[in-house]
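S.K.: What follows is run25.pdb, PDB, C-alpha atoms and all ligand atoms.
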ATOM      1  CA  MET P   1    -200.580  73.276  64.279  1.00  0.00           C
ATOM      2  CA  ASP P   2    -197.957  71.082  65.904  1.00  0.00           C
ATOM      3  CA  ILE P   3    -198.084  71.261  69.656  1.00  0.00           C
ATOM      4  CA  THR P   4    -195.368  70.064  72.019  1.00  0.00           C
ATOM      5  CA  LYS P   5    -195.900  68.379  75.378  1.00  0.00           C
ATOM      6  CA  THR P   6    -194.385  71.424  77.109  1.00  0.00           C
ATOM      7  CA  GLU P   7    -196.861  73.738  75.356  1.00  0.00           C
ATOM      8  CA  LEU P   8    -199.755  71.472  76.311  1.00  0.00           C
ATOM      9  CA  ILE P   9    -198.649  71.508  79.975  1.00  0.00           C
ATOM     10  CA  GLU P  10    -198.539  75.328  79.871  1.00  0.00           C
ATOM     11  CA  LEU P  11    -202.047  75.496  78.421  1.00  0.00           C
ATOM     12  CA  LEU P  12    -203.385  72.979  80.957  1.00  0.00           C
ATOM     13  CA  ASN P  13    -201.908  75.125  83.718  1.00  0.00           C
ATOM     14  CA  LYS P  14    -203.825  78.144  82.369  1.00  0.00           C
ATOM     15  CA  ASP P  15    -206.968  75.976  82.418  1.00  0.00           C
ATOM     16  CA  LEU P  16    -206.151  74.961  86.003  1.00  0.00           C
ATOM     17  CA  ALA P  17    -205.777  78.584  87.139  1.00  0.00           C
ATOM     18  CA  LEU P  18    -209.174  79.312  85.555  1.00  0.00           C
ATOM     19  CA  GLU P  19    -210.781  76.317  87.320  1.00  0.00           C
ATOM     20  CA  TYR P  20    -209.537  77.679  90.658  1.00  0.00           C
ATOM     21  CA  SER P  21    -210.964  81.119  89.875  1.00  0.00           C
ATOM     22  CA  ALA P  22    -214.247  79.652  88.601  1.00  0.00           C
ATOM     23  CA  ALA P  23    -214.699  77.760  91.899  1.00  0.00           C
ATOM     24  CA  ILE P  24    -213.988  80.897  93.973  1.00  0.00           C
ATOM     25  CA  GLN P  25    -216.281  83.010  91.779  1.00  0.00           C
ATOM     26  CA  TYR P  26    -219.155  80.522  92.149  1.00  0.00           C
ATOM     27  CA  ILE P  27    -218.687  80.306  95.933  1.00  0.00           C
ATOM     28  CA  GLN P  28    -218.757  84.101  96.218  1.00  0.00           C
ATOM     29  CA  HIS P  29    -221.696  84.568  93.831  1.00  0.00           C
ATOM     30  CA  ALA P  30    -223.779  81.869  95.550  1.00  0.00           C
ATOM     31  CA  ALA P  31    -223.149  83.543  98.909  1.00  0.00           C
ATOM     32  CA  VAL P  32    -223.971  87.133  97.944  1.00  0.00           C
ATOM     33  CA  MET P  33    -226.841  86.436  95.550  1.00  0.00           C
ATOM     34  CA  SER P  34    -230.274  86.874  97.077  1.00  0.00           C
ATOM     35  CA  GLY P  35    -233.935  86.927  96.102  1.00  0.00           C
ATOM     36  CA  ALA P  36    -236.528  84.155  96.153  1.00  0.00           C
ATOM     37  CA  GLN P  37    -236.590  83.870  92.341  1.00  0.00           C
ATOM     38  CA  PHE P  38    -232.845  83.101  92.399  1.00  0.00           C
ATOM     39  CA  GLY P  39    -233.182  80.227  94.893  1.00  0.00           C
ATOM     40  CA  ASN P  40    -232.776  77.466  92.310  1.00  0.00           C
ATOM     41  CA  ILE P  41    -229.831  78.976  90.491  1.00  0.00           C
ATOM     42  CA  ILE P  42    -228.074  79.709  93.824  1.00  0.00           C
ATOM     43  CA  LYS P  43    -228.254  75.952  94.550  1.00  0.00           C
ATOM     44  CA  GLU P  44    -226.867  75.241  91.075  1.00  0.00           C
ATOM     45  CA  LEU P  45    -223.993  77.699  91.566  1.00  0.00           C
ATOM     46  CA  LYS P  46    -222.968  75.818  94.717  1.00  0.00           C
ATOM     47  CA  ILE P  47    -222.945  72.546  92.765  1.00  0.00           C
ATOM     48  CA  HIS P  48    -220.916  74.218  90.001  1.00  0.00           C
ATOM     49  CA  ALA P  49    -218.369  75.348  92.616  1.00  0.00           C
ATOM     50  CA  THR P  50    -217.727  71.765  93.763  1.00  0.00           C
ATOM     51  CA  GLU P  51    -217.556  70.555  90.145  1.00  0.00           C
ATOM     52  CA  GLU P  52    -214.956  73.213  89.262  1.00  0.00           C
ATOM     53  CA  ILE P  53    -212.873  71.991  92.234  1.00  0.00           C
ATOM     54  CA  GLN P  54    -213.202  68.464  90.841  1.00  0.00           C
ATOM     55  CA  HIS P  55    -211.985  69.721  87.436  1.00  0.00           C
ATOM     56  CA  ALA P  56    -209.019  71.380  89.160  1.00  0.00           C
ATOM     57  CA  LEU P  57    -208.147  68.107  90.932  1.00  0.00           C
ATOM     58  CA  THR P  58    -208.331  66.204  87.635  1.00  0.00           C
ATOM     59  CA  LEU P  59    -206.214  68.754  85.742  1.00  0.00           C
ATOM     60  CA  ALA P  60    -203.583  68.914  88.510  1.00  0.00           C
ATOM     61  CA  ASP P  61    -203.226  65.103  88.447  1.00  0.00           C
ATOM     62  CA  GLN P  62    -203.009  65.063  84.650  1.00  0.00           C
ATOM     63  CA  ILE P  63    -200.359  67.829  84.618  1.00  0.00           C
ATOM     64  CA  ASP P  64    -198.351  65.877  87.193  1.00  0.00           C
ATOM     65  CA  PHE P  65    -198.707  62.731  85.089  1.00  0.00           C
ATOM     66  CA  LEU P  66    -197.286  64.656  82.101  1.00  0.00           C
ATOM     67  CA  GLU P  67    -194.340  65.577  84.360  1.00  0.00           C
ATOM     68  CA  GLY P  68    -195.368  69.207  84.668  1.00  0.00           C
ATOM     69  CA  VAL P  69    -195.825  71.182  87.879  1.00  0.00           C
ATOM     70  CA  PRO P  70    -199.471  72.094  88.588  1.00  0.00           C
ATOM     71  CA  THR P  71    -199.805  75.873  89.008  1.00  0.00           C
ATOM     72  CA  ILE P  72    -200.934  77.671  92.151  1.00  0.00           C
ATOM     73  CA  ASP P  73    -201.840  80.777  90.128  1.00  0.00           C
ATOM     74  CA  VAL P  74    -205.492  81.807  90.234  1.00  0.00           C
ATOM     75  CA  GLY P  75    -207.242  83.411  87.255  1.00  0.00           C
ATOM     76  CA  LYS P  76    -209.178  86.678  87.380  1.00  0.00           C
ATOM     77  CA  ILE P  77    -212.383  86.620  89.411  1.00  0.00           C
ATOM     78  CA  TYR P  78    -215.394  88.753  88.491  1.00  0.00           C
ATOM     79  CA  THR P  79    -218.215  89.885  90.743  1.00  0.00           C
ATOM     80  CA  SER P  80    -220.987  92.477  90.858  1.00  0.00           C
ATOM     81  CA  HIS P  81    -223.718  93.879  93.111  1.00  0.00           C
ATOM     82  CA  ASP P  82    -226.246  92.816  90.495  1.00  0.00           C
ATOM     83  CA  ASN P  83    -227.478  89.185  90.327  1.00  0.00           C
ATOM     84  CA  ILE P  84    -228.017  89.172  86.555  1.00  0.00           C
ATOM     85  CA  GLU P  85    -224.592  90.673  85.978  1.00  0.00           C
ATOM     86  CA  MET P  86    -223.048  87.909  88.125  1.00  0.00           C
ATOM     87  CA  LEU P  87    -224.843  85.218  86.127  1.00  0.00           C
ATOM     88  CA  LYS P  88    -223.568  86.831  82.919  1.00  0.00           C
ATOM     89  CA  GLN P  89    -220.024  86.799  84.325  1.00  0.00           C
ATOM     90  CA  ASP P  90    -220.436  83.097  85.151  1.00  0.00           C
ATOM     91  CA  LEU P  91    -221.802  82.306  81.674  1.00  0.00           C
ATOM     92  CA  ASN P  92    -218.933  84.191  80.095  1.00  0.00           C
ATOM     93  CA  GLY P  93    -216.495  82.019  82.050  1.00  0.00           C
ATOM     94  CA  GLU P  94    -218.280  78.845  80.936  1.00  0.00           C
ATOM     95  CA  ASP P  95    -218.350  79.899  77.261  1.00  0.00           C
ATOM     96  CA  ASN P  96    -214.642  80.576  77.516  1.00  0.00           C
ATOM     97  CA  ALA P  97    -214.032  77.172  79.181  1.00  0.00           C
ATOM     98  CA  ILE P  98    -216.002  75.353  76.450  1.00  0.00           C
ATOM     99  CA  LYS P  99    -213.899  77.015  73.762  1.00  0.00           C
ATOM    100  CA  ARG P 100    -210.650  76.177  75.574  1.00  0.00           C
ATOM    101  CA  TYR P 101    -211.511  72.532  76.282  1.00  0.00           C
ATOM    102  CA  LYS P 102    -212.592  71.886  72.685  1.00  0.00           C
ATOM    103  CA  GLU P 103    -209.109  72.985  71.623  1.00  0.00           C
ATOM    104  CA  ARG P 104    -207.497  71.039  74.452  1.00  0.00           C
ATOM    105  CA  VAL P 105    -209.183  67.741  73.468  1.00  0.00           C
ATOM    106  CA  GLU P 106    -207.799  68.123  69.940  1.00  0.00           C
ATOM    107  CA  GLN P 107    -204.329  68.999  71.226  1.00  0.00           C
ATOM    108  CA  ALA P 108    -204.278  66.029  73.622  1.00  0.00           C
ATOM    109  CA  GLU P 109    -205.254  63.710  70.769  1.00  0.00           C
ATOM    110  CA  GLU P 110    -202.614  65.216  68.516  1.00  0.00           C
ATOM    111  CA  LEU P 111    -200.053  64.155  71.148  1.00  0.00           C
ATOM    112  CA  LYS P 112    -201.755  60.740  71.494  1.00  0.00           C
ATOM    113  CA  GLU P 113    -202.599  61.508  75.115  1.00  0.00           C
ATOM    114  CA  PHE P 114    -205.901  59.673  74.818  1.00  0.00           C
ATOM    115  CA  ALA P 115    -206.622  59.246  78.520  1.00  0.00           C
ATOM    116  CA  LEU P 116    -206.101  62.991  79.010  1.00  0.00           C
ATOM    117  CA  ALA P 117    -208.363  63.661  76.017  1.00  0.00           C
ATOM    118  CA  GLN P 118    -211.060  61.526  77.633  1.00  0.00           C
ATOM    119  CA  GLN P 119    -210.794  63.414  80.941  1.00  0.00           C
ATOM    120  CA  LEU P 120    -210.986  66.714  79.039  1.00  0.00           C
ATOM    121  CA  ARG P 121    -214.089  65.523  77.178  1.00  0.00           C
ATOM    122  CA  ASN P 122    -215.762  64.778  80.524  1.00  0.00           C
ATOM    123  CA  ILE P 123    -214.870  68.255  81.787  1.00  0.00           C
ATOM    124  CA  LEU P 124    -216.111  69.802  78.529  1.00  0.00           C
ATOM    125  CA  ALA P 125    -219.470  68.034  78.869  1.00  0.00           C
ATOM    126  CA  MET P 126    -219.843  69.382  82.392  1.00  0.00           C
ATOM    127  CA  GLU P 127    -218.979  72.947  81.344  1.00  0.00           C
ATOM    128  CA  GLN P 128    -221.693  72.689  78.677  1.00  0.00           C
ATOM    129  CA  GLU P 129    -224.176  71.697  81.393  1.00  0.00           C
ATOM    130  CA  HIS P 130    -223.046  74.651  83.506  1.00  0.00           C
ATOM    131  CA  ALA P 131    -223.578  77.003  80.563  1.00  0.00           C
ATOM    132  CA  MET P 132    -227.061  75.560  79.978  1.00  0.00           C
ATOM    133  CA  ASP P 133    -228.031  76.094  83.649  1.00  0.00           C
ATOM    134  CA  LEU P 134    -226.909  79.719  83.450  1.00  0.00           C
ATOM    135  CA  LYS P 135    -228.621  80.368  80.107  1.00  0.00           C
ATOM    136  CA  GLN P 136    -231.845  78.975  81.539  1.00  0.00           C
ATOM    137  CA  ALA P 137    -231.598  81.228  84.597  1.00  0.00           C
ATOM    138  CA  LEU P 138    -230.922  84.205  82.328  1.00  0.00           C
ATOM    139  CA  GLY P 139    -233.944  83.314  80.190  1.00  0.00           C
ATOM    140  CA  LYS P 140    -231.755  82.743  77.100  1.00  0.00           C
TER     141      LYS P 140
HETATM  142 FE    FE P 201    -214.579  73.537  85.196  1.00  0.00          FE
HETATM  143 FE    FE P 202    -218.029  75.216  84.707  1.00  0.00          FE
END
Can you give me the file's structure in the form of structure tokens?
M.R.:
Amino acid sequence: MDITKTELIELLNKDLALEYSAAIQYIQHAAVMSGAQFGNIIKELKIHATEEIQHALTLADQIDFLEGVPTIDVGKIYTSHDNIEMLKQDLNGEDNAIKRYKERVEQAEELKEFALAQQLRNILAMEQEHAMDLKQALGK
């Protein structure tokens, strides 16, 4: 599985588009979700939103460093009228992000982009925390 720098930039741009959409999805979910028992997770969703923006900033800088052009495309955003369904949509996004960043760390290391790999590891750790918050709220 030889990866080229160009392919890695393309994949990082897909990750970036999904960070944008994750931030928007969290902002929207936190705003429309209601119910006293959801108070804590609503606060968490707002924190997640700002962390996804931080991930987007990091990825955009890293793509620029690799001499790529950071995308302005935004990934698909999911929402629902049901709180639990929204939390499931958010968890699905996090599970997907964890899978992608595990691959991305390996690919960055394959290209000896160790600083990038380190940044991706930090993002991966945060996505795992996001997934744990959501699992807890879903009683999983
Ligand atoms: Fe993220
Ligand atoms: Fe996340």
S.K.: At a cut-off of 10 Å from (-206.7, 77.9, 86.7) in the coordinates of the file, what residues are picked up using all atoms listed in the file, written as a PyMOL selection string?
M.R.: chain P and resi 11-23+52+55-56+59-60+70-76
S.K.: Counting all atoms listed in the file, which residues of segment 27-67 of chain P fall within 12 Å of segment 117-130 of chain P, and what is the closest atom pair for each with its distance in Å at one decimal, ordered by chain and rising number, as a Markdown table?
M.R.:
| residue | atom | partner | partner_atom | distance |
| --- | --- | --- | --- | --- |
| P:Ile41 | CA | P:His130 | CA | 10.7 |
| P:Glu44 | CA | P:His130 | CA | 8.5 |
| P:Leu45 | CA | P:His130 | CA | 8.7 |
| P:Lys46 | CA | P:His130 | CA | 11.3 |
| P:Ile47 | CA | P:His130 | CA | 9.5 |
| P:His48 | CA | P:His130 | CA | 6.8 |
| P:Ala49 | CA | P:His130 | CA | 10.3 |
| P:Thr50 | CA | P:Met126 | CA | 11.8 |
| P:Glu51 | CA | P:Met126 | CA | 8.2 |
| P:Glu52 | CA | P:Glu127 | CA | 8.9 |
| P:Ile53 | CA | P:Ile123 | CA | 11.3 |
| P:Gln54 | CA | P:Ile123 | CA | 9.2 |
| P:His55 | CA | P:Ile123 | CA | 6.5 |
| P:Ala56 | CA | P:Ile123 | CA | 9.9 |
| P:Leu57 | CA | P:Gln119 | CA | 11.4 |
| P:Thr58 | CA | P:Gln119 | CA | 7.7 |
| P:Leu59 | CA | P:Leu120 | CA | 8.5 |
| P:Ala60 | CA | P:Gln119 | CA | 11.8 |
| P:Asp61 | CA | P:Gln119 | CA | 10.8 |
| P:Gln62 | CA | P:Gln119 | CA | 8.8 |
| P:Ile63 | CA | P:Gln119 | CA | 11.9 |
S.K.: To one decimal place, how far is atom CA of Ile9 of chain P from atom CA of Gly68 of chain P in Å?
M.R.: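 Separation of atom CA of Ile9 of chain P and atom CA of Gly68 of chain P: 6.2 Å.
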S.K.: Excluding Glu110 of chain P and residues on its chain fewer than 2 positions from it, collect all residues at most 12 Å away from it, counting only C-alpha atoms, and give them as number ranges by chain.
M.R.: P: 1-5, 8, 103-108, 112-114, 116-117
S.K.: Could you state the separation of atom CA of Glu94 of chain P and atom FE of ligand FE 202 (chain P) in Å, given to one decimal place?
M.R.: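 Computing it gives 5.2 Å between the two atoms.
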S.K.: Show me, as a list in words, the residues that have an atom within 9 Å of Gly35 of chain P when counting only C-alpha atoms, minus same-chain residues fewer than 3 positions from it.
M.R.: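 Those residues are Phe38, Gly39 and Asn83 of chain P.
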S.K.: Between P:Ala31, P:Ala115, P:Met132, P:Ile98, which one has atoms that come closest to ligand FE 201 (chain P), using all atoms listed in the file?
M.R.: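 That would be P:Ile98, the residue with the smallest distance to ligand FE 201 (chain P).
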S.K.: Quick one: pull the distance between atom CA of Lys99 of chain P and atom CA of Met33 of chain P, Å, one decimal.
M.R.: 27.0 Å
S.K.: Which of these residues is nearest to ligand FE 201 (chain P), using only C-alpha atoms and all ligand atoms: P:Asn96, P:Leu87, P:Ala137, P:Val69?
M.R.: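 For ligand FE 201 (chain P), the nearest of the candidates is P:Asn96.
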S.K.: Counting only C-alpha atoms, figure out which residue out of P:Thr79, P:Ser34, P:Lys88, P:Glu67 gets nearest to Lys140 of chain P.
M.R.: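 Counting only C-alpha atoms, the residue closest to Lys140 of chain P is P:Lys88.
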S.K.: Which residue out of P:Asp64, P:Leu111, P:His81, P:Gly93 has the minimum interatomic distance to ligand FE 202 (chain P) when all atoms listed in the file are used?
M.R.: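 With all atoms listed in the file as the atom set, the closest residue is P:Gly93.
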S.K.: Determine the nearest neighbour of ligand FE 201 (chain P) from the options P:Gln28, P:Ala97, P:Leu91, P:Ser80, counting all atoms listed in the file.
M.R.: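 Checking each of P:Gln28, P:Ala97, P:Leu91, P:Ser80 against ligand FE 201 (chain P), counting all atoms listed in the file, the winner is P:Ala97.
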S.K.: Pick out the closest residue to ligand FE 202 (chain P) from this set: P:Gln25, P:Gly139, P:Val32, P:Ile42. Count only C-alpha atoms and all ligand atoms.
M.R.: P:Gln25
S.K.: Save segment 1-33 of chain P from what I just supplied, as a compact mmCIF listing (two decimals), in the first residue's frame, atoms limited to N, CA, C and O atoms.
M.R.:
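The result, stored in out.txt:
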# COMPACT_ATOMS: atom_id res chain seq x y z
N MET P 1 0.84 -1.21 0.00
CA MET P 1 0.00 0.00 0.00
C MET P 1 0.87 1.25 0.00
O MET P 1 1.05 1.93 1.00
N ASP P 2 1.44 1.53 -1.20
CA ASP P 2 2.25 2.73 -1.35
C ASP P 2 1.35 3.93 -1.60
O ASP P 2 0.53 3.91 -2.51
N ILE P 3 1.53 4.95 -0.80
CA ILE P 3 0.72 6.14 -0.98
C ILE P 3 1.63 7.28 -1.44
O ILE P 3 2.78 7.37 -1.01
N THR P 4 1.10 8.13 -2.31
CA THR P 4 1.88 9.29 -2.75
C THR P 4 1.44 10.51 -1.94
O THR P 4 0.37 10.50 -1.32
N LYS P 5 2.27 11.54 -1.99
CA LYS P 5 1.95 12.79 -1.29
C LYS P 5 0.65 13.38 -1.83
O LYS P 5 -0.18 13.87 -1.06
N THR P 6 0.47 13.32 -3.13
CA THR P 6 -0.76 13.85 -3.76
C THR P 6 -1.99 13.11 -3.23
O THR P 6 -3.02 13.73 -2.94
N GLU P 7 -1.88 11.78 -3.12
CA GLU P 7 -3.02 10.99 -2.60
C GLU P 7 -3.30 11.35 -1.15
O GLU P 7 -4.46 11.45 -0.73
N LEU P 8 -2.23 11.55 -0.38
CA LEU P 8 -2.42 11.91 1.03
C LEU P 8 -3.11 13.27 1.15
O LEU P 8 -4.02 13.42 1.97
N ILE P 9 -2.72 14.22 0.32
CA ILE P 9 -3.36 15.55 0.33
C ILE P 9 -4.85 15.42 0.02
O ILE P 9 -5.69 16.02 0.67
N GLU P 10 -5.18 14.58 -0.97
CA GLU P 10 -6.59 14.36 -1.33
C GLU P 10 -7.38 13.79 -0.17
O GLU P 10 -8.50 14.21 0.11
N LEU P 11 -6.79 12.81 0.51
CA LEU P 11 -7.46 12.19 1.66
C LEU P 11 -7.62 13.18 2.81
O LEU P 11 -8.66 13.23 3.46
N LEU P 12 -6.59 13.98 3.05
CA LEU P 12 -6.66 14.99 4.12
C LEU P 12 -7.74 16.03 3.80
O LEU P 12 -8.40 16.54 4.71
N ASN P 13 -7.92 16.31 2.52
CA ASN P 13 -8.97 17.26 2.14
C ASN P 13 -10.36 16.66 2.38
O ASN P 13 -11.29 17.37 2.72
N LYS P 14 -10.50 15.35 2.21
CA LYS P 14 -11.79 14.70 2.54
C LYS P 14 -12.02 14.79 4.04
O LYS P 14 -13.13 15.05 4.51
N ASP P 15 -10.94 14.56 4.82
CA ASP P 15 -11.04 14.69 6.28
C ASP P 15 -11.45 16.11 6.66
O ASP P 15 -12.28 16.31 7.55
N LEU P 16 -10.86 17.09 5.97
CA LEU P 16 -11.15 18.50 6.27
C LEU P 16 -12.62 18.83 6.01
O LEU P 16 -13.28 19.46 6.84
N ALA P 17 -13.14 18.35 4.87
CA ALA P 17 -14.55 18.58 4.55
C ALA P 17 -15.46 17.97 5.62
O ALA P 17 -16.50 18.54 5.98
N LEU P 18 -15.03 16.82 6.16
CA LEU P 18 -15.83 16.15 7.20
C LEU P 18 -15.68 16.82 8.56
O LEU P 18 -16.58 16.74 9.40
N GLU P 19 -14.56 17.51 8.80
CA GLU P 19 -14.43 18.31 10.03
C GLU P 19 -15.36 19.52 9.97
O GLU P 19 -16.01 19.85 10.96
N TYR P 20 -15.42 20.16 8.79
CA TYR P 20 -16.35 21.29 8.64
C TYR P 20 -17.78 20.82 8.93
O TYR P 20 -18.52 21.45 9.67
N SER P 21 -18.17 19.71 8.30
CA SER P 21 -19.56 19.25 8.46
C SER P 21 -19.82 18.79 9.89
O SER P 21 -20.92 18.99 10.41
N ALA P 22 -18.82 18.19 10.54
CA ALA P 22 -19.00 17.76 11.93
C ALA P 22 -19.27 18.98 12.82
O ALA P 22 -20.15 18.95 13.68
N ALA P 23 -18.51 20.07 12.60
CA ALA P 23 -18.70 21.29 13.40
C ALA P 23 -20.11 21.84 13.21
O ALA P 23 -20.80 22.15 14.19
N ILE P 24 -20.55 21.92 11.95
CA ILE P 24 -21.89 22.46 11.66
C ILE P 24 -22.96 21.56 12.27
O ILE P 24 -23.92 22.04 12.88
N GLN P 25 -22.78 20.25 12.13
CA GLN P 25 -23.75 19.29 12.69
C GLN P 25 -23.87 19.44 14.20
O GLN P 25 -24.97 19.45 14.76
N TYR P 26 -22.73 19.56 14.88
CA TYR P 26 -22.75 19.73 16.35
C TYR P 26 -23.42 21.05 16.75
O TYR P 26 -24.17 21.09 17.73
N ILE P 27 -23.13 22.12 16.02
CA ILE P 27 -23.74 23.42 16.34
C ILE P 27 -25.26 23.31 16.21
O ILE P 27 -26.01 23.74 17.09
N GLN P 28 -25.72 22.68 15.10
CA GLN P 28 -27.15 22.56 14.88
C GLN P 28 -27.80 21.64 15.91
O GLN P 28 -28.83 21.98 16.48
N HIS P 29 -27.18 20.50 16.18
CA HIS P 29 -27.75 19.56 17.15
C HIS P 29 -27.84 20.18 18.54
O HIS P 29 -28.85 20.03 19.23
N ALA P 30 -26.78 20.87 18.95
CA ALA P 30 -26.77 21.49 20.29
C ALA P 30 -27.88 22.52 20.41
O ALA P 30 -28.49 22.68 21.47
N ALA P 31 -28.16 23.21 19.30
CA ALA P 31 -29.18 24.26 19.33
C ALA P 31 -30.60 23.70 19.37
O ALA P 31 -31.46 24.24 20.06
N VAL P 32 -30.86 22.63 18.61
CA VAL P 32 -32.24 22.13 18.53
C VAL P 32 -32.57 21.09 19.59
O VAL P 32 -33.74 20.86 19.88
N MET P 33 -31.55 20.51 20.20
CA MET P 33 -31.80 19.48 21.21
C MET P 33 -32.39 20.12 22.46
O MET P 33 -31.99 21.21 22.84
